[in-house]
Each structure stands twice: as C-alpha cells, then as structure tokens.
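Quick notes on the structure that follows.
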Amino acid sequence: MSDQNSPLILGTEPIGKLLQGYAIPAIIAMTASSLYNIADSIFIGQGVGPLAIAGLAITFPFMNLAAAFGSLVGVGASTVVSVKLGQRDYEGANKALGNVLTLNIIIGIAFTLICLPLLDPILNFFGAGENTISYARDYMRVILIGNVITHTYLGLNSVLRSSGHPRKAMYATLASVIINIILNPIFIFGFGWGIKGSAWATVISQIISLTWLIIHFADKSQFLHFKKGIYRLKSEFVKSMLAIGLSPFLMNLCACLVVLLINLGLKEYGGDMAIGAYGIVNRIVFLFLMVVMGFNQGMQPIAGYNYGALHFDRVMKVTKLTICWAVGVCTFGFAVTYLFPWYIIRMFTSDEELIQTAIYGMRIVFAAFPTVGFQMVSSNFFMSVGMPKQSIFLSLTRQLIFLIPLLIILPKFFGILGVWISLPASDFIAFILAAIMLVRQFRKFKQAHPTIQ
C-alpha cells in the first residue's frame, strides 16, 4: 500500500492488505521505540549502576502521567480524523489537525509549569529514597523541560498515521529512536552526563522528528495541512477528541497509580533492588506490548474509517485479524521469557542480586501474558469506533477495578510475591470481561445488518 494513496482506500482495499500496510510501519516504529527504552536502561545500568536503574524505575509513574495527557489529545484526534475522512468531511479533518496542535501546546506547557516546581515531593511520593532520588530528579528535570515537544510530536504523528501516511509516521518515530540511540552513549559515556545524558538524548531526538512533522503538515499539497482558521479551539472537536482520548488517558493514569503501588510494595518488601528489578521487567513487558500497540495503531484508522462508512463487516474482520496477531505476539513473549530469562536480564546488569530478583519477578509477571493481547485489542476496538464509554470501562477494569485492589490486598498476605502475582491475576480476569463485551458488540452488528457473516 502506497503512502501516497488517498485514505479512501480504507473502505475498499482487502482488510489483510490494509492491516499489513498500516500495522507493519506502526509495529516497526513502536518496537524501535521500545528497543530504545531497553537500550536506554542498558546504557544506564551498565554505565551508571544498578541504583540508577532503580531511580529510572521511580520515574515510570511520572512518565505514565505525562503520557496520559499526551494520549488524551493524540489518540482522540487520531480517531476523529479517521471518522471524519470516512464521512468525507475533509474540512472537519483539517480543523481537527489544527486543534491537535493547539491543545498539545497548551497541555504540554501547563504540565511542565505545574510539575517542575513540585518535582522532589512528587518523586518522593512515587517511592524515591535517599539512594535513588538524585537519579530520578536529574532525569525528570530534563524530560519536563521538553514535555511540550513530546506532546506535540506524538499528537502530530498520530494524525499523520490516520491521514493515510503510516510509513511517514514510522519514519518519524524511527528517526527519533535512531538519533536517541546514537546520542545516548555519547552523552552518558563521552560527555559524562550520566542519567541526564539519556534524558537530553530523548528531548533532542524528538525536537528533530517534530521539525520534520511540521514541515510535512506545512506542505499545502498534502491531504491534511496547516492553514488559516484551523487553530482556534472548537468545542465540537475538543469534546470529541477528549471524550475518545479519555480511555487511553485513564488507562495511563491508572498505570501511573499501578506503578506507584508496585514501587511502594516492592520498596517495602524488597528494597531498592526489587524496584530496579521491576524496572527491567517493565521494559521487557513493554517490548511486546509495543508490538501489540503497533497492531492497534494499524487497526485504528481502518476500523474508524469503515465504522464511519457503515461497513461493519470490515470493522469486525480487521478486529478479529488484529486479535489473532496480538495473541500470537504475547504468546511468543511468554515463551521467550520462560526459556531464556537469565540471558535477557544479564543484558541490563551484571549485579547478581538484581539478576535473580528480576528473573523471579519476570516469570510471575508473564504467567498470563497471552491473554493481554486480546484485552488490549478489544479496548482499542471500542475506542476506534467512537465508543469511549466501553473502551474506558475495559481500560479501567484491568487496572483500577482488578489490579489495584490486588496490589493492596495480596502483599499483606504474601509479601513481595503478592506484588508480583497481582499482575497476571488481573490480566486473566480482564481478558474474560473483554471477551464477553466484544462478543456482545459483534452480535449487535450482526443483528443490525443480518447480511454480515
């Protein structure tokens, strides 16, 4: 599928070909981004030390909080653009582009201005101790300075993908990742900046990619492009974007709370090494989840367009195909982490205590991992077709309704084991609920259109 093709092909091309054309670039981009995060942790672990990994893990809930506000606009805008294109409302899609830019700038600057003066109290709240807060502080100061860049870059990249340019969106992400990986060892080892060097590499790489995205949308020959009259916030677009983006926003917000509870539980029952171990395991988990998210990103414009065009049979087909691939990826992740745990963890650190703690946690966390792909695609399905309530409910059940109570209750009885087993237990329960909701929605499609097979 050519990037130059009109987005109208979303309603006519075979689903398998479309999903391949949209998902593969997204998967490459998301996997590359996750591999950067892994490389980032490896550079920090090998170049700065095990406590630096623990300090980096302390920043995870903070990063999830920032990502929550970014996804509030970016994901919602992506769906709005897809649906508008499916409805042939091209002027509306352009206005959505302008509103994305304005909202991301406002939210990105506001987040920095609020959080930067309160950085130390926030990090202490997230579980930082006297041995780890200096690392966490050095990293987050730089990340917060570049927060508006991150939000704007992610928002415009989402719109680029939904407007029929999945490969260009991939190139923007790959450019950021490659520049990041090049700058990381230079700043950490060459300049001796330590963990701050990793943060600066992230910000600078995103500035470069954002510049390329702005150049693209400034080109008036593009289907969607910057022009006068699209930047003033319109309630119609803001409400739609925020309503749809509320699901991933709440998911990331819950992830922030979840990581906070995990860090606090691990700190109480296992100390700084346990937090560092979770930091490593979390990076590995996200490697596979990013592949699933790549499938979701590929599915989103296809499902959104065809839902807007009332082609429900194509919506169901792309959802089922995405589920098959997502479950396959998560099953592969389960197998690899169980067969080669020592080799995986050894890449991050040579500290034997940290290695053994991470292997112990990783085997438990991946116990129900094959079910995660199904749950993620199901939630993305409801979000892609503009059903935010269902998507929000599925997002919240896994983390807020299931996982958080388990993280509070189980450690009281099982100690550090209770912290670890809370994750696969909530994954499995959420999978059952997602399956029930998805089957019910498919039945509604078939009842409304009996010709659907």
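Chains: A, B, ... in order of the structure tokens. Residues: from 1 per chain. Ligands: from 1, in order shown.
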**Asked** Within 9 Å of range 60-70 of chain A, counting only C-alpha atoms, which residues qualify if same-chain residues fewer than 6 places away don't, as a PyMOL selection string?
**Response** chain A and resi 104+107-108+111+122-123+126+140+143-144+147+150-152+154-155+246+248-260+279
**Message:** When you look at range 340-357 of chain A with a cut-off of 10 Å (counting only C-alpha atoms), what residues show up, excluding the ones that are within fewer than 2 positions of it in the same chain? I need them as a count of residues only.
**Reply:** 33
**Request:** Please provide the set of residues having any atom within 8 Å of Ser198 in chain A, restricted to only C-alpha atoms, with same-chain residues fewer than 5 positions apart removed, written as a ChimeraX atom specification.
**Result:** /A:40,44,139,183-184,187-188
For the residues selected in the previous step, produce a file with C-alpha atoms as a tab-separated table (two decimals), in the first residue's frame.
```tsv
chain	number	residue	atom	x	y	z
A	40	ASP	CA	18.40	3.31	27.43
A	44	ILE	CA	22.15	3.49	32.36
A	139	TYR	CA	16.26	12.53	34.59
A	183	LEU	CA	23.20	10.35	21.33
A	184	ASN	CA	22.72	8.19	24.43
A	187	PHE	CA	26.07	11.94	26.34
A	188	ILE	CA	26.34	9.25	29.06
```
**Message:** Quick check, in Å to one decimal: how far apart do CA of Phe428 in chain A and CA of Thr371 in chain A lie?
**Reply:** 6.3 Å
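Picture a line from CA of Leu289 in chain A to CA of Val80 in chain A; it runs 24.1 Å.
For the atom pair formed by CA of Phe402 in chain A and CA of Leu242 in chain A, the distance is 24.8 Å, given to one decimal.
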**Message:** When you look at Ile27 in chain A with a cut-off of 7 Å (counting only C-alpha atoms), what residues show up, excluding the ones that are within fewer than 3 positions of it in the same chain? I need them as a PyMOL selection string.
**Reply:** chain A and resi 23-24+30-31+291+294-295
Store the residues picked out above, limited to C-alpha atoms, as a compact mmCIF listing (two decimals), in the first residue's frame.
```
# COMPACT_ATOMS: atom_id res chain seq x y z
CA ALA A 23 0.32 -2.11 11.13
CA ILE A 24 3.81 -3.06 9.95
CA MET A 30 6.72 1.09 18.25
CA THR A 31 9.19 -1.79 18.54
CA VAL A 291 4.20 -4.64 19.09
CA GLY A 294 1.56 -1.22 16.71
CA PHE A 295 -1.16 -3.61 15.56
```
